[in-house]
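Taking it in order: structure first as structure tokens, then the write-up.
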Amino acid sequence: MAGRCPYLAMEESSRGIRSGESPAAALRRILSTPGAHQAPCCYDALGARLVERAGFPIGFMGGFCVSAARLGLPDVGLISYGEMVDQGRLINESVSIPVIGDGDNGYGNSMNIKRTIKGYINAGFAGIMLEDQVAPKACGHTEGRKVISREEAIMHIKAAVDARKESGSDIVIVARSDARQAISLDEALWRVKAFADAGADVLFIDALASVEEMKAFCAVAPEVPKMANMLEGGGKTPILSPAELEEIGFRLVVYPLSLVGVSMRAMQDALVAIKDGGVPPPSILPSFQEIKDTLGFSRYYKEEKQYQVDK
């Protein structure tokens with residue numbers, strides 16, 4: 001698969017997808033370099049553009065924030081495969097950095113998972129995260145989560161790997177287990193080792209509850225990159241710096257709530273200001289020029305002039 005051609009994308013750099021490089025190849029290249037690489041979660045094209053403009057090498061389309069922004073509903077399995085693929089396509093068209101898409105539990109059995117993998121590939125994703133929860137899934141770091149059997153969970157990863165091969169793609173498969181809360185830490189560690197053996201490229205255990213548990217996770221299949229989830233504002237996993245996470249052994253770090261959370265707060269504050277008869281203060285409202293610069297008005301007008309016809 002060729003690299004994407006985003007509309008008014010950022011200038012090419014070593015941090016983004018290079019010419020002739022697939023999104024997945026770019027992601028693999030970045031993950032092969034030292035460091036705990038940060039990937040803030042975005043939920044739309046504008047957020048993805050801001051992630052890229054801020055200099056992050058990777059984006060992550062989180063199911064929690066997409067469900068919140070697109071449906072105004074909680075992340076409890078209500079959002080569908082089609083809605084996530086549609087949102088992902090718009091996000092990927094807006095940036096020139098690799099983006100990982102949350103694939104939830106694959107939206108069904110192994111055959112559904114194969115369709116999900118192929119759909120995410122066609123939407124331009126560099127990677128996809130698949131979890132071992134039963135349907136309907138529950139939000140991470142919440143109680144009451146249940147997982148499918150070991151055997152079925154492994155078969156789902158095998159189906160994902162097969163779908164990747166059938167597509168001639170190199171999409172990165174991030175295998176997530178929710179067994180830490182559903183069953184035990186030992187069960188979660190067993191599962192991610194089995195996921196690695198089945199062909200997963202990155203491993204993730206949700207809701208690890210201590211630094212000791214995080215170290216135990218990173219000791220499993222040490223050759224396979226590990227992902228950490230820094231759930232802002234009150235999750236079960238300790239919030240650590242990228243340097244601390246790198247020292248433990250993590251290669252990828254996602255931040256699921258920052259953008260959707262600050263957006264909610266900023267919109268609430270703006271509505272209060274408007275209701276009081278004014279407008280939002282400069283501290284929370286960019287200037288019109290800044291908004292236009294972010295959206296690429298200047299670049300659009302410059303490029304448009306190349307095609308103007310004298311009359």
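Identifiers for the structure tokens are assigned positionally: chains receive A, B, ... in sequence, residues are indexed from 1 per chain, and ligands are indexed from 1 in the order shown.
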Exercise. Run DSSP on the backbone and grab whatever in region 50-144 of chain A lands in strand (DSSP E or B); send it over as a list in words.
Key: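 Listing strand (DSSP E or B) positions across region 50-144 of chain A yields Gly59, Phe60, Met61, Val99, Ile100, Gly101, Asp102, Gly127, Ile128, Met129, Leu130, Glu131 and Gln133 of chain A.
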Output for the residues just chosen: C-alpha atoms as a PDB file, in the first residue's frame:
```
ATOM      1  CA  GLY A  59      -1.818   9.734  16.484  1.00  0.00           C
ATOM      2  CA  PHE A  60      -4.344   7.402  18.097  1.00  0.00           C
ATOM      3  CA  MET A  61      -8.066   7.389  17.272  1.00  0.00           C
ATOM      4  CA  VAL A  99      -2.497   6.843  13.140  1.00  0.00           C
ATOM      5  CA  ILE A 100      -3.542   3.806  15.168  1.00  0.00           C
ATOM      6  CA  GLY A 101      -7.276   3.099  15.235  1.00  0.00           C
ATOM      7  CA  ASP A 102      -9.181   1.594  18.136  1.00  0.00           C
ATOM      8  CA  GLY A 127      -2.276   0.213  13.150  1.00  0.00           C
ATOM      9  CA  ILE A 128      -5.348  -1.231  14.823  1.00  0.00           C
ATOM     10  CA  MET A 129      -5.953  -2.153  18.461  1.00  0.00           C
ATOM     11  CA  LEU A 130      -8.051  -5.245  19.178  1.00  0.00           C
ATOM     12  CA  GLU A 131      -9.231  -6.276  22.642  1.00  0.00           C
ATOM     13  CA  GLN A 133     -13.666  -8.287  25.755  1.00  0.00           C
TER      14      GLN A 133
END
```
Quiz item: Which residues in region 79-225 of chain A does DSSP call alpha helix (DSSP H)? List them as a ChimeraX atom specification.
Solution: /A:81-94,110-122,150-167,179-182,185-198,211-218
Find the residues near Leu252 (chain A): any atom within 7 Å, counting only C-alpha atoms, skip ones fewer than 5 places away on the same chain, and give them as a PDB file with all heavy atoms, in the first residue's frame.
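Saved file part29.pdb follows:
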```pdb
ATOM      1  N   ALA A  36       9.871   6.223  24.534  1.00  0.00           N
ATOM      2  CA  ALA A  36       8.451   5.896  24.722  1.00  0.00           C
ATOM      3  C   ALA A  36       7.681   6.928  23.909  1.00  0.00           C
ATOM      4  O   ALA A  36       7.512   8.075  24.326  1.00  0.00           O
ATOM      5  CB  ALA A  36       8.066   5.951  26.197  1.00  0.00           C
ATOM      6  N   HIS A  37       7.228   6.557  22.735  1.00  0.00           N
ATOM      7  CA  HIS A  37       6.659   7.495  21.776  1.00  0.00           C
ATOM      8  C   HIS A  37       5.207   7.829  22.157  1.00  0.00           C
ATOM      9  O   HIS A  37       4.375   6.944  22.310  1.00  0.00           O
ATOM     10  CB  HIS A  37       6.737   6.909  20.375  1.00  0.00           C
ATOM     11  CG  HIS A  37       8.132   6.551  19.974  1.00  0.00           C
ATOM     12  ND1 HIS A  37       9.072   7.497  19.630  1.00  0.00           N
ATOM     13  CD2 HIS A  37       8.766   5.354  19.911  1.00  0.00           C
ATOM     14  CE1 HIS A  37      10.212   6.904  19.348  1.00  0.00           C
ATOM     15  NE2 HIS A  37      10.056   5.604  19.506  1.00  0.00           N
ATOM     16  N   GLN A  38       4.935   9.128  22.261  1.00  0.00           N
ATOM     17  CA  GLN A  38       3.624   9.601  22.719  1.00  0.00           C
ATOM     18  C   GLN A  38       2.636   9.688  21.560  1.00  0.00           C
ATOM     19  O   GLN A  38       2.978  10.162  20.481  1.00  0.00           O
ATOM     20  CB  GLN A  38       3.761  10.974  23.377  1.00  0.00           C
ATOM     21  CG  GLN A  38       4.631  10.974  24.628  1.00  0.00           C
ATOM     22  CD  GLN A  38       4.901  12.377  25.096  1.00  0.00           C
ATOM     23  OE1 GLN A  38       5.630  13.124  24.454  1.00  0.00           O
ATOM     24  NE2 GLN A  38       4.315  12.757  26.225  1.00  0.00           N
ATOM     25  N   LYS A 226       5.660  -2.663  23.867  1.00  0.00           N
ATOM     26  CA  LYS A 226       4.538  -2.593  24.811  1.00  0.00           C
ATOM     27  C   LYS A 226       3.935  -1.195  24.791  1.00  0.00           C
ATOM     28  O   LYS A 226       4.639  -0.193  24.639  1.00  0.00           O
ATOM     29  CB  LYS A 226       5.006  -2.902  26.237  1.00  0.00           C
ATOM     30  CG  LYS A 226       5.798  -4.196  26.388  1.00  0.00           C
ATOM     31  CD  LYS A 226       5.015  -5.408  25.986  1.00  0.00           C
ATOM     32  CE  LYS A 226       5.721  -6.702  26.355  1.00  0.00           C
ATOM     33  NZ  LYS A 226       7.071  -6.835  25.818  1.00  0.00           N
ATOM     34  N   MET A 227       2.622  -1.132  24.966  1.00  0.00           N
ATOM     35  CA  MET A 227       1.896   0.134  24.998  1.00  0.00           C
ATOM     36  C   MET A 227       1.402   0.412  26.413  1.00  0.00           C
ATOM     37  O   MET A 227       0.951  -0.504  27.119  1.00  0.00           O
ATOM     38  CB  MET A 227       0.703   0.089  24.037  1.00  0.00           C
ATOM     39  CG  MET A 227      -0.010   1.425  23.881  1.00  0.00           C
ATOM     40  SD  MET A 227      -1.392   1.342  22.704  1.00  0.00           S
ATOM     41  CE  MET A 227      -2.760   1.114  23.833  1.00  0.00           C
ATOM     42  N   ALA A 228       1.486   1.666  26.818  1.00  0.00           N
ATOM     43  CA  ALA A 228       0.948   2.109  28.103  1.00  0.00           C
ATOM     44  C   ALA A 228      -0.180   3.098  27.854  1.00  0.00           C
ATOM     45  O   ALA A 228      -0.151   3.874  26.902  1.00  0.00           O
ATOM     46  CB  ALA A 228       2.041   2.774  28.938  1.00  0.00           C
TER      47      ALA A 228
END
```
Quiz item: Counting only C-alpha atoms, what is within 7 Å of region 48-53 of chain A, bar same-chain residues fewer than 5 positions away, as a list in words?
Solution: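 Near region 48-53 of chain A, the qualifying residues are Pro40, Cys42, Gly59, Ile91, Ser94, Val95 and Ile97 of chain A.
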For the residues selected in the previous step, produce a file with N, CA and C atoms as a PDB file, in the first residue's frame.
```pdb
ATOM      1  N   PRO A  40      -1.196  11.086  21.498  1.00  0.00           N
ATOM      2  CA  PRO A  40      -2.452  11.579  22.072  1.00  0.00           C
ATOM      3  C   PRO A  40      -3.657  11.063  21.283  1.00  0.00           C
ATOM      4  N   CYS A  42      -7.124  11.307  19.469  1.00  0.00           N
ATOM      5  CA  CYS A  42      -7.945  12.301  18.802  1.00  0.00           C
ATOM      6  C   CYS A  42      -9.257  11.652  18.390  1.00  0.00           C
ATOM      7  N   GLY A  59      -0.494   9.420  15.959  1.00  0.00           N
ATOM      8  CA  GLY A  59      -1.818   9.734  16.484  1.00  0.00           C
ATOM      9  C   GLY A  59      -2.546   8.448  16.842  1.00  0.00           C
ATOM     10  N   ILE A  91      -9.936  11.263   9.501  1.00  0.00           N
ATOM     11  CA  ILE A  91      -8.757  11.581  10.304  1.00  0.00           C
ATOM     12  C   ILE A  91      -7.485  11.332   9.508  1.00  0.00           C
ATOM     13  N   SER A  94      -6.447  13.785   6.860  1.00  0.00           N
ATOM     14  CA  SER A  94      -6.101  15.135   7.316  1.00  0.00           C
ATOM     15  C   SER A  94      -4.653  15.274   7.762  1.00  0.00           C
ATOM     16  N   VAL A  95      -3.937  14.152   7.912  1.00  0.00           N
ATOM     17  CA  VAL A  95      -2.589  14.227   8.475  1.00  0.00           C
ATOM     18  C   VAL A  95      -1.609  13.390   7.676  1.00  0.00           C
ATOM     19  N   ILE A  97       0.990  11.854   9.503  1.00  0.00           N
ATOM     20  CA  ILE A  97       1.620  11.000  10.510  1.00  0.00           C
ATOM     21  C   ILE A  97       0.826   9.701  10.600  1.00  0.00           C
TER      22      ILE A  97
END
```
Practice problem: Tell me, as a VMD selection string, which residues lie within 9 Å of Asn92 (chain A), counting only C-alpha atoms; anything in the same chain fewer than 5 positions away does not count. | Solution: chain A and resid 4 6 45 48 87 97 to 99 123 to 125
Quiz item: Pick the closest to Tyr120 (chain A) from A:Ile173, A:Ala219, A:Val134, A:Ala153: which is it, counting only C-alpha atoms?
Solution: A:Ile173
Self-check item: Test item: residues at most 12 Å from Leu185 (chain A), only C-alpha atoms, excluding those fewer than 6 positions along its chain, as a count of residues only
Solution: 17
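Atom to atom, CA of Ala273 (chain A) and CA of Glu290 (chain A) stand 20.4 Å apart.
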Quiz item: Within 8 Å of Ser258 (chain A), counting only C-alpha atoms, which residues qualify if same-chain residues fewer than 3 places away don't, as a PyMOL selection string?
Solution: chain A and resi 40-41+232+255+261-262
Can you write just those residues out, N, CA and C atoms, as a short mmCIF file (atom, residue, chain, number, x, y, z; two decimals), in the first residue's frame?
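Everything below was put into part22.cif:
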```
data_model
loop_
_atom_site.label_atom_id
_atom_site.label_comp_id
_atom_site.auth_asym_id
_atom_site.auth_seq_id
_atom_site.Cartn_x
_atom_site.Cartn_y
_atom_site.Cartn_z
N PRO A 40 -1.20 11.09 21.50
CA PRO A 40 -2.45 11.58 22.07
C PRO A 40 -3.66 11.06 21.28
N CYS A 41 -4.75 10.78 21.98
CA CYS A 41 -5.95 10.29 21.32
C CYS A 41 -6.74 11.45 20.72
N GLU A 232 -5.91 9.92 32.04
CA GLU A 232 -5.85 11.17 32.79
C GLU A 232 -7.06 11.32 33.72
N TYR A 255 -2.74 8.77 25.39
CA TYR A 255 -3.41 9.65 26.35
C TYR A 255 -4.87 9.79 25.89
N GLY A 261 -11.39 15.85 26.86
CA GLY A 261 -11.69 16.47 28.14
C GLY A 261 -11.53 17.98 28.13
N VAL A 262 -10.40 18.47 27.60
CA VAL A 262 -10.20 19.92 27.57
C VAL A 262 -11.17 20.57 26.59
#
```
Self-check item: Of the listed residues A:Leu189, A:Ile154, A:Ala270, A:Leu31, that which approaches Ser110 (chain A) most closely, counting only C-alpha atoms
Solution: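 Of all the options, A:Ile154 lies closest to Ser110 (chain A).
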